[in-house]
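Colleague: Structure supplied as data-v4.txt; contents: compact mmCIF, C-alpha atoms.
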# COMPACT_ATOMS: atom_id res chain seq x y z
CA MET A 160 -7.75 8.64 17.59
CA ALA A 161 -10.71 10.68 16.34
CA SER A 162 -9.52 13.89 14.70
CA PRO A 163 -11.25 17.17 15.57
CA TRP A 164 -10.83 18.33 11.94
CA SER A 165 -13.12 17.29 9.11
CA GLY A 166 -10.97 18.34 6.16
CA PHE A 167 -8.56 15.78 4.67
CA ALA A 168 -5.83 18.36 4.07
CA THR A 169 -6.12 19.68 7.63
CA ARG A 170 -5.91 16.19 9.13
CA ALA A 171 -2.90 15.45 6.92
CA VAL A 172 -1.06 18.46 8.36
CA ARG A 173 -2.26 18.59 11.97
CA THR A 174 -3.37 15.20 13.33
CA GLY A 175 -1.07 13.28 15.67
CA HIS A 176 1.15 16.09 16.91
CA HIS A 177 0.75 16.42 20.66
CA ARG A 178 2.93 19.40 21.53
CA THR A 179 5.41 18.85 24.34
CA ALA A 180 6.43 21.26 27.11
CA GLU A 181 9.04 22.66 24.71
CA ALA A 182 6.18 24.17 22.61
CA GLU A 183 7.69 22.99 19.33
CA HIS A 184 5.90 23.80 16.09
CA GLY A 185 7.26 20.82 14.13
CA GLU A 186 6.91 17.23 15.27
CA PRO A 187 9.92 16.06 17.32
CA ILE A 188 11.82 12.84 16.68
CA PHE A 189 12.04 10.76 19.84
CA THR A 190 15.26 8.83 19.23
CA THR A 191 15.21 6.84 22.44
CA SER A 192 15.00 3.12 23.01
CA SER A 193 13.28 3.34 26.38
CA PHE A 194 11.41 5.69 28.70
CA VAL A 195 11.88 6.54 32.38
CA PHE A 196 9.22 6.05 35.05
CA GLU A 197 8.59 8.16 38.12
CA SER A 198 8.39 5.10 40.34
CA ALA A 199 8.39 1.33 40.41
CA ALA A 200 4.63 1.45 40.78
CA GLU A 201 4.26 3.52 37.62
CA ALA A 202 6.53 1.12 35.73
CA ALA A 203 4.44 -1.82 36.91
CA GLY A 204 1.22 -0.06 35.92
CA ARG A 205 2.43 0.69 32.42
CA PHE A 206 3.75 -2.80 31.80
CA ALA A 207 0.46 -4.26 33.05
CA GLY A 208 -1.53 -1.95 30.80
CA ASP A 209 -3.26 -0.25 33.69
CA LEU A 210 -1.55 3.08 33.02
CA ALA A 211 -1.19 4.74 29.63
CA GLY A 212 2.25 5.90 28.55
CA ASN A 213 5.49 5.01 26.85
CA ILE A 214 7.44 1.89 27.77
CA TYR A 215 9.88 0.82 25.05
CA SER A 216 10.25 2.01 21.47
CA ARG A 217 9.67 -1.42 20.02
CA PHE A 218 5.96 -0.77 20.56
CA THR A 219 5.50 2.70 22.13
CA ASN A 220 7.19 5.76 20.68
CA PRO A 221 5.64 9.24 20.40
CA THR A 222 6.91 9.93 16.86
CA VAL A 223 5.70 6.58 15.57
CA ARG A 224 2.39 7.11 17.37
CA ALA A 225 1.95 10.49 15.64
CA PHE A 226 2.30 8.80 12.25
CA GLU A 227 -0.13 6.05 13.27
CA GLU A 228 -2.72 8.57 14.45
CA ARG A 229 -2.40 10.74 11.35
CA LEU A 230 -2.71 7.88 8.89
CA ALA A 231 -5.64 6.39 10.81
CA ALA A 232 -7.41 9.76 10.69
CA LEU A 233 -6.90 9.98 6.93
CA GLU A 234 -8.24 6.44 6.38
CA GLY A 235 -11.18 6.96 8.74
CA ALA A 236 -9.89 4.23 11.09
CA GLU A 237 -10.10 3.90 14.86
CA CYS A 238 -6.41 3.15 15.18
CA GLY A 239 -3.23 2.30 13.33
CA VAL A 240 -0.06 0.29 13.85
CA ALA A 241 3.19 1.17 12.07
CA THR A 242 5.59 -1.51 10.88
CA ALA A 243 9.11 -1.82 9.50
CA SER A 244 7.89 -2.34 5.90
CA GLY A 245 4.77 -2.97 3.86
CA MET A 246 5.48 -6.70 3.88
CA ALA A 247 5.86 -6.56 7.67
CA ALA A 248 2.38 -5.01 7.78
CA ILE A 249 0.88 -7.90 5.83
CA LEU A 250 2.77 -10.44 7.94
CA ALA A 251 1.57 -8.79 11.16
CA VAL A 252 -2.05 -8.98 9.96
CA CYS A 253 -1.69 -12.68 9.18
CA MET A 254 0.14 -13.49 12.41
CA GLY A 255 -2.31 -11.50 14.50
CA LEU A 256 -5.56 -12.72 12.97
CA LEU A 257 -4.93 -16.21 11.60
CA LYS A 258 -4.01 -19.62 13.01
CA SER A 259 -3.06 -23.02 11.68
CA GLY A 260 -5.93 -24.48 9.68
CA ASP A 261 -7.21 -21.11 8.47
CA HIS A 262 -7.60 -20.26 4.81
CA ILE A 263 -6.80 -17.01 2.96
CA LEU A 264 -8.70 -16.19 -0.21
CA SER A 265 -6.64 -13.72 -2.20
CA SER A 266 -6.85 -11.96 -5.51
CA ARG A 267 -4.48 -13.45 -8.05
CA SER A 268 -3.03 -10.08 -9.02
CA ILE A 269 -1.04 -9.07 -5.94
CA PHE A 270 2.54 -7.99 -5.30
CA GLY A 271 4.97 -10.82 -5.96
CA SER A 272 6.42 -10.84 -2.44
CA THR A 273 2.91 -11.16 -0.99
CA THR A 274 2.37 -14.27 -3.08
CA VAL A 275 5.68 -15.71 -1.87
CA LEU A 276 4.73 -14.92 1.75
CA PHE A 277 1.43 -16.72 1.39
CA ASN A 278 2.64 -19.71 -0.63
CA LYS A 279 6.09 -20.39 0.81
CA TYR A 280 6.04 -19.19 4.38
CA LEU A 281 2.50 -19.10 5.79
CA SER A 282 1.87 -22.52 4.29
CA ARG A 283 4.59 -23.93 6.57
CA PHE A 284 2.41 -23.02 9.54
CA GLY A 285 -0.76 -24.59 8.19
CA ILE A 286 -2.33 -21.50 6.64
CA ALA A 287 -3.54 -22.23 3.11
CA THR A 288 -4.14 -19.70 0.33
CA SER A 289 -6.30 -19.84 -2.78
CA TYR A 290 -6.41 -17.28 -5.58
CA VAL A 291 -9.23 -15.85 -7.66
CA PRO A 292 -9.52 -13.13 -10.33
CA LEU A 293 -9.65 -9.76 -8.58
CA SER A 294 -12.72 -8.34 -10.31
CA ASP A 295 -14.83 -11.53 -10.51
CA ALA A 296 -17.25 -11.33 -7.57
CA GLN A 297 -18.79 -14.71 -8.40
CA ALA A 298 -15.36 -16.34 -8.28
CA TRP A 299 -14.74 -14.87 -4.81
CA GLU A 300 -18.08 -16.16 -3.54
CA ALA A 301 -17.58 -19.62 -5.03
CA ALA A 302 -14.06 -20.05 -3.65
CA ILE A 303 -14.88 -19.35 0.01
CA ARG A 304 -14.45 -22.45 2.18
CA PRO A 305 -15.67 -23.25 5.70
CA ASP A 306 -12.15 -22.49 6.98
CA THR A 307 -11.78 -19.18 5.10
CA ARG A 308 -10.97 -16.43 7.55
CA LEU A 309 -9.46 -13.63 5.47
CA LEU A 310 -10.11 -12.13 2.03
CA PHE A 311 -7.11 -10.17 0.78
CA CYS A 312 -6.74 -7.93 -2.26
CA GLU A 313 -4.89 -5.03 -3.82
CA THR A 314 -6.99 -2.56 -5.76
CA PRO A 315 -5.78 -1.26 -8.12
CA SER A 316 -3.56 -4.26 -8.67
CA ASN A 317 0.19 -4.28 -9.23
CA PRO A 318 1.04 -3.80 -12.08
CA LEU A 319 -2.07 -4.16 -14.30
CA THR A 320 -4.23 -1.65 -12.36
CA GLU A 321 -7.21 -4.00 -12.25
CA MET A 322 -9.82 -2.96 -9.70
CA ALA A 323 -12.21 -4.74 -7.35
CA ASP A 324 -15.63 -3.44 -6.34
CA LEU A 325 -14.88 -3.14 -2.64
CA ARG A 326 -18.50 -2.79 -1.51
CA ALA A 327 -19.39 -6.02 -3.26
CA LEU A 328 -16.29 -7.77 -1.92
CA ALA A 329 -16.98 -6.60 1.64
CA ASP A 330 -20.54 -7.90 1.40
CA ILE A 331 -19.24 -11.31 0.27
CA ALA A 332 -16.70 -11.42 3.10
CA HIS A 333 -19.12 -10.48 5.84
CA ARG A 334 -21.91 -12.69 4.56
CA ASN A 335 -19.53 -15.62 4.96
CA GLY A 336 -18.07 -14.61 8.33
CA CYS A 337 -14.75 -13.44 6.89
CA LEU A 338 -12.62 -10.32 7.20
CA LEU A 339 -11.62 -8.17 4.22
CA ALA A 340 -8.10 -6.73 4.12
CA VAL A 341 -7.18 -4.27 1.37
CA ASP A 342 -3.73 -3.18 0.28
CA ASN A 343 -4.30 0.53 -0.45
CA CYS A 344 -0.73 1.24 -1.51
CA PHE A 345 -1.49 2.43 -5.05
CA CYS A 346 -4.23 4.90 -4.09
CA THR A 347 -3.57 5.95 -0.49
CA PRO A 348 -6.47 7.50 1.45
CA ALA A 349 -6.18 10.59 -0.76
CA LEU A 350 -7.80 8.65 -3.62
CA GLN A 351 -9.58 5.70 -1.95
CA ARG A 352 -10.76 4.82 1.55
CA PRO A 353 -11.56 1.09 1.72
CA LEU A 354 -12.87 1.19 5.30
CA GLU A 355 -15.69 3.50 4.18
CA LEU A 356 -16.56 0.88 1.56
CA GLY A 357 -16.83 -1.96 4.07
CA ALA A 358 -13.26 -3.27 4.41
CA ASP A 359 -12.11 -4.32 7.88
CA ILE A 360 -8.38 -3.72 7.54
CA VAL A 361 -6.18 -1.56 5.32
CA VAL A 362 -2.46 -2.17 4.86
CA HIS A 363 0.14 0.17 3.39
CA SER A 364 3.67 0.16 2.20
CA ALA A 365 4.50 3.62 3.53
CA THR A 366 7.67 3.36 1.46
CA LYS A 367 5.64 4.34 -1.59
CA TYR A 368 3.30 7.31 -1.86
CA LEU A 369 2.95 7.99 1.87
CA ASP A 370 6.61 8.96 1.91
CA GLY A 371 6.49 10.26 -1.63
CA GLN A 372 10.20 10.81 -2.20
CA GLY A 373 11.76 7.36 -1.95
CA ARG A 374 13.58 8.07 1.31
CA CYS A 375 12.55 5.44 3.85
CA VAL A 376 11.06 1.96 4.20
CA GLY A 377 8.01 1.36 6.37
CA GLY A 378 4.46 0.07 6.53
CA ALA A 379 1.20 0.39 8.42
CA VAL A 380 -2.04 -1.37 9.30
CA VAL A 381 -5.22 0.56 10.11
CA GLY A 382 -8.61 -0.61 11.30
CA ASP A 383 -10.62 -0.96 14.50
CA ARG A 384 -9.35 -1.11 18.07
CA LYS A 385 -9.93 -4.83 18.49
CA LEU A 386 -8.45 -6.22 15.26
CA VAL A 387 -5.63 -3.72 14.84
CA GLY A 388 -5.27 -2.06 18.23
CA GLU A 389 -5.09 -5.37 20.10
CA GLU A 390 -4.40 -8.32 17.79
CA VAL A 391 -2.05 -6.76 15.22
CA PHE A 392 -0.44 -4.51 17.83
CA GLY A 393 0.23 -7.61 19.93
CA VAL A 394 2.38 -9.02 17.14
CA LEU A 395 4.37 -5.78 17.00
CA ARG A 396 4.85 -5.71 20.75
CA THR A 397 6.05 -9.30 20.88
CA ALA A 398 7.84 -9.92 17.59
CA GLY A 399 9.07 -6.41 16.92
CA PRO A 400 8.82 -5.67 13.15
CA THR A 401 8.91 -2.06 14.27
CA LEU A 402 9.07 1.28 12.45
CA SER A 403 11.94 3.54 13.51
CA PRO A 404 11.14 7.02 14.90
CA PHE A 405 13.16 8.71 12.17
CA ASN A 406 11.27 6.92 9.39
CA ALA A 407 7.98 7.75 11.10
CA TRP A 408 8.95 11.42 11.13
CA VAL A 409 9.76 11.30 7.41
CA PHE A 410 6.37 9.72 6.72
CA LEU A 411 4.65 12.41 8.78
CA LYS A 412 6.19 15.01 6.49
CA GLY A 413 5.08 12.99 3.47
CA LEU A 414 1.48 12.87 4.66
CA GLU A 415 1.36 16.67 4.80
CA THR A 416 1.54 16.87 0.99
CA LEU A 417 -0.14 13.54 0.17
CA GLU A 418 -3.32 14.86 -1.44
CA LEU A 419 -1.50 17.45 -3.55
CA ARG A 420 0.98 14.85 -4.79
CA MET A 421 -1.56 12.12 -5.53
CA LEU A 422 -3.71 14.44 -7.64
CA ALA A 423 -0.62 15.62 -9.53
CA HIS A 424 0.57 12.04 -10.10
CA ALA A 425 -2.87 11.12 -11.41
CA ARG A 426 -3.09 14.07 -13.81
CA ALA A 427 0.30 13.21 -15.29
CA ALA A 428 -0.50 9.49 -15.50
CA ALA A 429 -3.73 10.17 -17.36
CA GLU A 430 -1.85 12.31 -19.87
CA LEU A 431 0.83 9.65 -20.30
CA ALA A 432 -1.77 6.89 -20.79
CA ASP A 433 -3.46 8.90 -23.55
CA TRP A 434 -0.10 9.43 -25.27
CA LEU A 435 0.79 5.73 -25.08
CA LEU A 436 -2.43 4.80 -26.86
CA GLY A 437 -1.07 6.48 -29.97
CA GLN A 438 2.30 4.72 -30.02
CA PRO A 439 2.58 1.97 -32.69
CA ALA A 440 4.92 -0.19 -30.58
CA VAL A 441 2.43 -0.26 -27.67
CA GLU A 442 -0.01 -3.15 -27.89
CA ARG A 443 -2.14 -2.35 -24.84
CA VAL A 444 -2.31 0.27 -22.11
CA TYR A 445 -3.49 -0.50 -18.56
CA TYR A 446 -4.83 2.55 -16.73
CA PRO A 447 -8.09 2.87 -14.76
CA GLY A 448 -8.73 6.36 -16.04
CA LEU A 449 -9.07 5.18 -19.64
CA PRO A 450 -12.70 4.66 -20.77
CA ASP A 451 -11.92 1.14 -22.03
CA HIS A 452 -10.52 -0.03 -18.69
CA PRO A 453 -12.76 -2.93 -17.51
CA GLN A 454 -13.48 -1.29 -14.16
CA HIS A 455 -13.53 2.34 -15.31
CA ARG A 456 -17.05 2.69 -13.84
CA LEU A 457 -15.51 2.68 -10.35
CA ILE A 458 -13.66 5.93 -10.98
CA GLY A 459 -15.48 8.72 -9.22
CA HIS A 460 -17.38 6.32 -6.97
CA GLN A 461 -14.84 4.11 -5.26
CA GLN A 462 -11.62 5.64 -6.53
CA ARG A 463 -11.26 9.39 -6.88
CA THR A 464 -8.99 9.31 -9.97
CA GLY A 465 -7.11 6.78 -12.04
CA GLY A 466 -4.01 6.99 -9.84
CA GLY A 467 -0.37 7.36 -10.79
CA ILE A 468 0.54 3.94 -12.24
CA VAL A 469 0.48 3.17 -15.96
CA ALA A 470 1.42 -0.21 -17.45
CA PHE A 471 1.67 -1.18 -21.09
CA ASP A 472 2.51 -4.13 -23.30
CA VAL A 473 5.29 -3.59 -25.80
CA ALA A 474 5.68 -5.47 -29.08
CA GLY A 475 8.56 -7.92 -29.08
CA GLY A 476 8.13 -9.48 -25.63
CA ARG A 477 10.97 -9.21 -23.15
CA ALA A 478 13.45 -7.94 -25.73
CA GLY A 479 11.08 -5.15 -26.73
CA ALA A 480 10.34 -4.19 -23.14
CA TRP A 481 14.01 -4.13 -22.21
CA ARG A 482 14.83 -1.94 -25.23
CA VAL A 483 12.29 0.61 -24.07
CA ILE A 484 13.60 0.55 -20.52
CA ASP A 485 17.29 0.64 -21.45
CA ALA A 486 16.79 3.53 -23.88
CA THR A 487 15.54 5.88 -21.17
CA ARG A 488 17.90 8.59 -19.92
CA MET A 489 15.75 10.36 -17.34
CA LEU A 490 13.36 7.73 -15.95
CA SER A 491 14.77 5.77 -13.02
CA ILE A 492 15.09 2.03 -13.63
CA THR A 493 13.94 0.80 -10.25
CA ALA A 494 11.10 -1.33 -8.92
CA ASN A 495 10.07 1.19 -6.27
CA LEU A 496 7.12 3.50 -6.93
CA GLY A 497 5.37 6.49 -5.41
CA ASP A 498 8.36 8.78 -5.86
CA THR A 499 8.49 12.34 -7.19
CA LYS A 500 10.81 10.85 -9.82
CA THR A 501 9.21 8.67 -12.50
CA THR A 502 10.31 5.04 -12.28
CA ILE A 503 10.19 2.27 -14.86
CA THR A 504 10.49 -1.48 -14.43
CA HIS A 505 9.94 -4.85 -16.08
CA PRO A 506 7.58 -6.67 -13.67
CA ALA A 507 8.18 -10.18 -15.03
CA THR A 508 11.85 -10.04 -14.00
CA THR A 509 11.67 -7.72 -10.95
CA THR A 510 8.58 -7.32 -8.75
CA HIS A 511 7.12 -10.64 -9.93
CA GLY A 512 10.38 -12.36 -10.81
CA ARG A 513 10.19 -14.86 -7.94
CA LEU A 514 6.89 -16.25 -9.20
CA THR A 515 6.83 -19.31 -11.42
CA PRO A 516 6.05 -18.76 -15.11
CA GLU A 517 2.65 -20.34 -14.46
CA GLU A 518 1.94 -17.96 -11.58
CA ARG A 519 2.94 -14.96 -13.69
CA ALA A 520 0.75 -16.12 -16.54
CA ALA A 521 -2.20 -16.58 -14.20
CA ALA A 522 -1.67 -13.03 -12.92
CA GLY A 523 -1.47 -11.64 -16.45
CA ILE A 524 2.17 -10.59 -16.17
CA GLY A 525 3.55 -10.95 -19.70
CA GLU A 526 7.15 -10.65 -20.88
CA GLY A 527 6.37 -7.50 -22.85
CA LEU A 528 4.83 -5.65 -19.88
CA VAL A 529 6.39 -2.39 -18.68
CA ARG A 530 5.25 -0.51 -15.58
CA VAL A 531 5.71 3.23 -15.18
CA ALA A 532 5.09 4.96 -11.85
CA VAL A 533 4.55 8.50 -13.03
CA GLY A 534 6.38 11.12 -11.00
CA LEU A 535 6.09 14.88 -10.87
CA GLU A 536 8.29 15.84 -13.80
CA ASP A 537 6.88 17.53 -16.89
CA VAL A 538 4.95 14.94 -18.89
CA ALA A 539 6.61 16.14 -22.11
CA ASP A 540 9.98 15.05 -20.71
CA ILE A 541 8.58 11.65 -19.69
CA THR A 542 7.13 10.98 -23.12
CA ALA A 543 10.32 12.15 -24.82
CA ASP A 544 12.31 9.70 -22.72
CA LEU A 545 9.99 6.80 -23.54
CA SER A 546 9.97 7.71 -27.24
CA ARG A 547 13.62 6.70 -27.61
CA GLY A 548 12.93 3.04 -26.94
CA LEU A 549 9.45 2.87 -28.45
CA ALA A 550 10.75 4.21 -31.76
CA SER A 551 13.20 1.31 -32.05
CA THR A 552 10.77 -1.45 -31.02
Once more with this new file: its structure as structure tokens, please.

Modeller:
Amino acid sequence: MASPWSGFATRAVRTGHHRTAEAEHGEPIFTTSSFVFESAAEAAGRFAGDLAGNIYSRFTNPTVRAFEERLAALEGAECGVATASGMAAILAVCMGLLKSGDHILSSRSIFGSTTVLFNKYLSRFGIATSYVPLSDAQAWEAAIRPDTRLLFCETPSNPLTEMADLRALADIAHRNGCLLAVDNCFCTPALQRPLELGADIVVHSATKYLDGQGRCVGGAVVGDRKLVGEEVFGVLRTAGPTLSPFNAWVFLKGLETLELRMLAHARAAAELADWLLGQPAVERVYYPGLPDHPQHRLIGHQQRTGGGIVAFDVAGGRAGAWRVIDATRMLSITANLGDTKTTITHPATTTHGRLTPEERAAAGIGEGLVRVAVGLEDVADITADLSRGLAST
């Protein structure tokens, strides 16, 4: 899947489109469940893997493949596999690379559904999970067991934007014979490329910034040909948590403007974070671009900018946070992120609502926490909308 173009923007626009005999300029959508063979021998060869080509859209579809190739090129990966959702991507990694008796070592600050997947469902099949603070390299090293197979993290984390030093984490993983998987949802390859920093696997919820307009649900896994191209792909081929061709086409269009959007989101988020620092009702602001962020040193080295997510603690706990959220008139009250429209949510009762109070506390998710995924509106309108609730808290 090597791209002939070196520029990120060029790869985002051009990679993955293999023009058909119709000479189309835009990528076509192949809405077909199956593909026709010239002969029984050709069909047998494709099913056996001896001949390249399409078989069945559960695991071979040209539109989906174009998205996989484009995203892999942007991440600097050998190959990619597209899935029905971001959670399906994480599940496919675990199903493809782990077995009963294996151990996952995960950062404590991950998406709530990922925690539920690890604790409730993978545990039923004999896969154990332990949790450590994301940014504490010594804690990661100390918690590795003889049966640890996979280190998993999100950086920046959801919703507190904590960051891990990926080079250090990759060194720990490989020194102990483990793989490192990174959820790159918050940054996308426009702002951070974990594989270049030593990670083995990158997962995405394409639903978020890769789409960019809140239109479709999907996910992806990128990495090398063995881990992703064979093991993770094998799960897709057999179990079928598959991305639809239409959704893949939407994501292809999203990738074309990814870099432009991510830089715009980050500029607006930085401006919003600075404004929040001056609001009396705000007790703390979480944003990697702020100089007092604990991992601010990684900006410009590992992570290109601070990203588009800002979280803040509001005085008055849940009641204060809900007043701020309910007072908005423009911001969208939804748990999704990565949209052109700014969204606002209360993590303790939405994205992390299925966790126990103890699990939320361990992850630093307080009742007064509000998360804002900054969109592409004028920042003055965003701050005016937030001012309504903050003034009454």

Colleague: Need to verify the contact set: A:Thr493, 10 Å, all atoms listed in the file, exclusion of same-chain residues closer than 2 positions in sequence. Can you return it as a ChimeraX atom specification?

Modeller: /A:490-491,495-496,501-505,509-510,531-532

Colleague: Could you name the residues that touch A:Arg513 at 8 Å or less, counting all atoms listed in the file, but leaving out those on the same chain fewer than 6 positions away, as a PyMOL selection string?

Modeller: chain A and resi 271-272+275

Colleague: Between A:Leu431, A:Val252, A:Val409, A:Ile286, which residue has the minimum interatomic distance to A:Leu339, considering all atoms listed in the file?

Modeller: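 Closest to A:Leu339, using all atoms listed in the file: A:Val252.
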
Colleague: For A:His424, which residue out of A:Asn343, A:Asn406, A:Asn213, A:Thr464 is the nearest one, using only C-alpha atoms?

Modeller: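 Among the listed residues, A:Thr464 lies closest to A:His424.
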
Colleague: Residues proximal to (-16.5, -14.0, -4.4) were defined as those with any atom within 10 Å of that point in the file's coordinates, counting only C-alpha atoms. Which are they, as a ChimeraX atom specification?

Modeller: /A:264,266,291-303,310,327-332,335

Colleague: Let's have the selection written as a PDB file, in the frame of the given file, with C-alpha atoms.

Modeller:
ATOM      1  CA  LEU A 264      -8.700 -16.190  -0.210  1.00  0.00           C
ATOM      2  CA  SER A 266      -6.850 -11.960  -5.510  1.00  0.00           C
ATOM      3  CA  VAL A 291      -9.230 -15.850  -7.660  1.00  0.00           C
ATOM      4  CA  PRO A 292      -9.520 -13.130 -10.330  1.00  0.00           C
ATOM      5  CA  LEU A 293      -9.650  -9.760  -8.580  1.00  0.00           C
ATOM      6  CA  SER A 294     -12.720  -8.340 -10.310  1.00  0.00           C
ATOM      7  CA  ASP A 295     -14.830 -11.530 -10.510  1.00  0.00           C
ATOM      8  CA  ALA A 296     -17.250 -11.330  -7.570  1.00  0.00           C
ATOM      9  CA  GLN A 297     -18.790 -14.710  -8.400  1.00  0.00           C
ATOM     10  CA  ALA A 298     -15.360 -16.340  -8.280  1.00  0.00           C
ATOM     11  CA  TRP A 299     -14.740 -14.870  -4.810  1.00  0.00           C
ATOM     12  CA  GLU A 300     -18.080 -16.160  -3.540  1.00  0.00           C
ATOM     13  CA  ALA A 301     -17.580 -19.620  -5.030  1.00  0.00           C
ATOM     14  CA  ALA A 302     -14.060 -20.050  -3.650  1.00  0.00           C
ATOM     15  CA  ILE A 303     -14.880 -19.350   0.010  1.00  0.00           C
ATOM     16  CA  LEU A 310     -10.110 -12.130   2.030  1.00  0.00           C
ATOM     17  CA  ALA A 327     -19.390  -6.020  -3.260  1.00  0.00           C
ATOM     18  CA  LEU A 328     -16.290  -7.770  -1.920  1.00  0.00           C
ATOM     19  CA  ALA A 329     -16.980  -6.600   1.640  1.00  0.00           C
ATOM     20  CA  ASP A 330     -20.540  -7.900   1.400  1.00  0.00           C
ATOM     21  CA  ILE A 331     -19.240 -11.310   0.270  1.00  0.00           C
ATOM     22  CA  ALA A 332     -16.700 -11.420   3.100  1.00  0.00           C
ATOM     23  CA  ASN A 335     -19.530 -15.620   4.960  1.00  0.00           C
TER      24      ASN A 335
END

Colleague: Tell me which of A:Gly448, A:Gly548, A:Gly378, A:Ser282 sits closest to A:Glu430, counting only C-alpha atoms.

Modeller: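 Selected residue with least distance to A:Glu430: A:Gly448.
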
Colleague: Have a look at atom CA of A:Glu186 and atom CA of A:Arg173 and let me know their distance in Å, one decimal.

Modeller: 9.8 Å

Colleague: At a cut-off of 9 Å from (-4.5, 4.7, 9.3) in the coordinates of the file, what residues are picked up using only C-alpha atoms, written as a PyMOL selection string?

Modeller: chain A and resi 226-241+348+361-363+379-382

Colleague: Could you state the separation of atom CA of A:Gly245 and atom CA of A:Ser162 in Å, given to one decimal place?

Modeller: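 Distance reported for this atom pair: 24.6 Å.
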
Colleague: In Å, rounded to a single decimal, give me how far atom CA of A:Gly208 is from atom CA of A:Gly175.

Modeller: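 One can read the atom CA of A:Gly175 to atom CA of A:Gly208 distance as 21.5 Å.
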
Colleague: Taking all atoms listed in the file into account, name the residue in A:Asn220, A:Ser364, A:Thr179, A:Gln372 that is nearest to A:Ile249.

Modeller: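 When distances to A:Ile249 are compared using all atoms listed in the file, the smallest one comes from A:Ser364.
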
Colleague: Assuming the input is short of atoms at stretch 190-194 of chain A, produce all heavy atoms for that part as a PDB file, in the frame of the given file.

Modeller:
ATOM      1  N   THR A 190      14.257   9.880  19.474  1.00  0.00           N
ATOM      2  CA  THR A 190      15.260   8.830  19.230  1.00  0.00           C
ATOM      3  C   THR A 190      15.729   8.268  20.568  1.00  0.00           C
ATOM      4  O   THR A 190      16.828   8.548  21.042  1.00  0.00           O
ATOM      5  CB  THR A 190      16.447   9.380  18.431  1.00  0.00           C
ATOM      6  OG1 THR A 190      16.967  10.536  19.111  1.00  0.00           O
ATOM      7  CG2 THR A 190      16.015   9.778  17.032  1.00  0.00           C
ATOM      8  N   THR A 191      14.889   7.486  21.163  1.00  0.00           N
ATOM      9  CA  THR A 191      15.210   6.840  22.440  1.00  0.00           C
ATOM     10  C   THR A 191      14.685   5.414  22.406  1.00  0.00           C
ATOM     11  O   THR A 191      13.614   5.157  21.844  1.00  0.00           O
ATOM     12  CB  THR A 191      14.594   7.607  23.627  1.00  0.00           C
ATOM     13  OG1 THR A 191      14.914   6.932  24.852  1.00  0.00           O
ATOM     14  CG2 THR A 191      13.078   7.714  23.510  1.00  0.00           C
ATOM     15  N   SER A 192      15.443   4.504  22.981  1.00  0.00           N
ATOM     16  CA  SER A 192      15.000   3.120  23.010  1.00  0.00           C
ATOM     17  C   SER A 192      14.011   2.857  24.139  1.00  0.00           C
ATOM     18  O   SER A 192      13.130   2.005  24.015  1.00  0.00           O
ATOM     19  CB  SER A 192      16.199   2.168  23.141  1.00  0.00           C
ATOM     20  OG  SER A 192      16.912   2.458  24.333  1.00  0.00           O
ATOM     21  N   SER A 193      14.150   3.600  25.221  1.00  0.00           N
ATOM     22  CA  SER A 193      13.280   3.340  26.380  1.00  0.00           C
ATOM     23  C   SER A 193      12.845   4.641  27.024  1.00  0.00           C
ATOM     24  O   SER A 193      13.294   5.728  26.655  1.00  0.00           O
ATOM     25  CB  SER A 193      14.005   2.457  27.406  1.00  0.00           C
ATOM     26  OG  SER A 193      15.160   3.127  27.893  1.00  0.00           O
ATOM     27  N   PHE A 194      11.981   4.533  28.016  1.00  0.00           N
ATOM     28  CA  PHE A 194      11.410   5.690  28.700  1.00  0.00           C
ATOM     29  C   PHE A 194      11.514   5.473  30.207  1.00  0.00           C
ATOM     30  O   PHE A 194      11.456   4.349  30.698  1.00  0.00           O
ATOM     31  CB  PHE A 194       9.961   5.896  28.259  1.00  0.00           C
ATOM     32  CG  PHE A 194       9.832   6.145  26.789  1.00  0.00           C
ATOM     33  CD1 PHE A 194       9.749   5.084  25.890  1.00  0.00           C
ATOM     34  CD2 PHE A 194       9.828   7.433  26.281  1.00  0.00           C
ATOM     35  CE1 PHE A 194       9.650   5.300  24.525  1.00  0.00           C
ATOM     36  CE2 PHE A 194       9.736   7.659  24.912  1.00  0.00           C
ATOM     37  CZ  PHE A 194       9.654   6.593  24.036  1.00  0.00           C
TER      38      PHE A 194
END
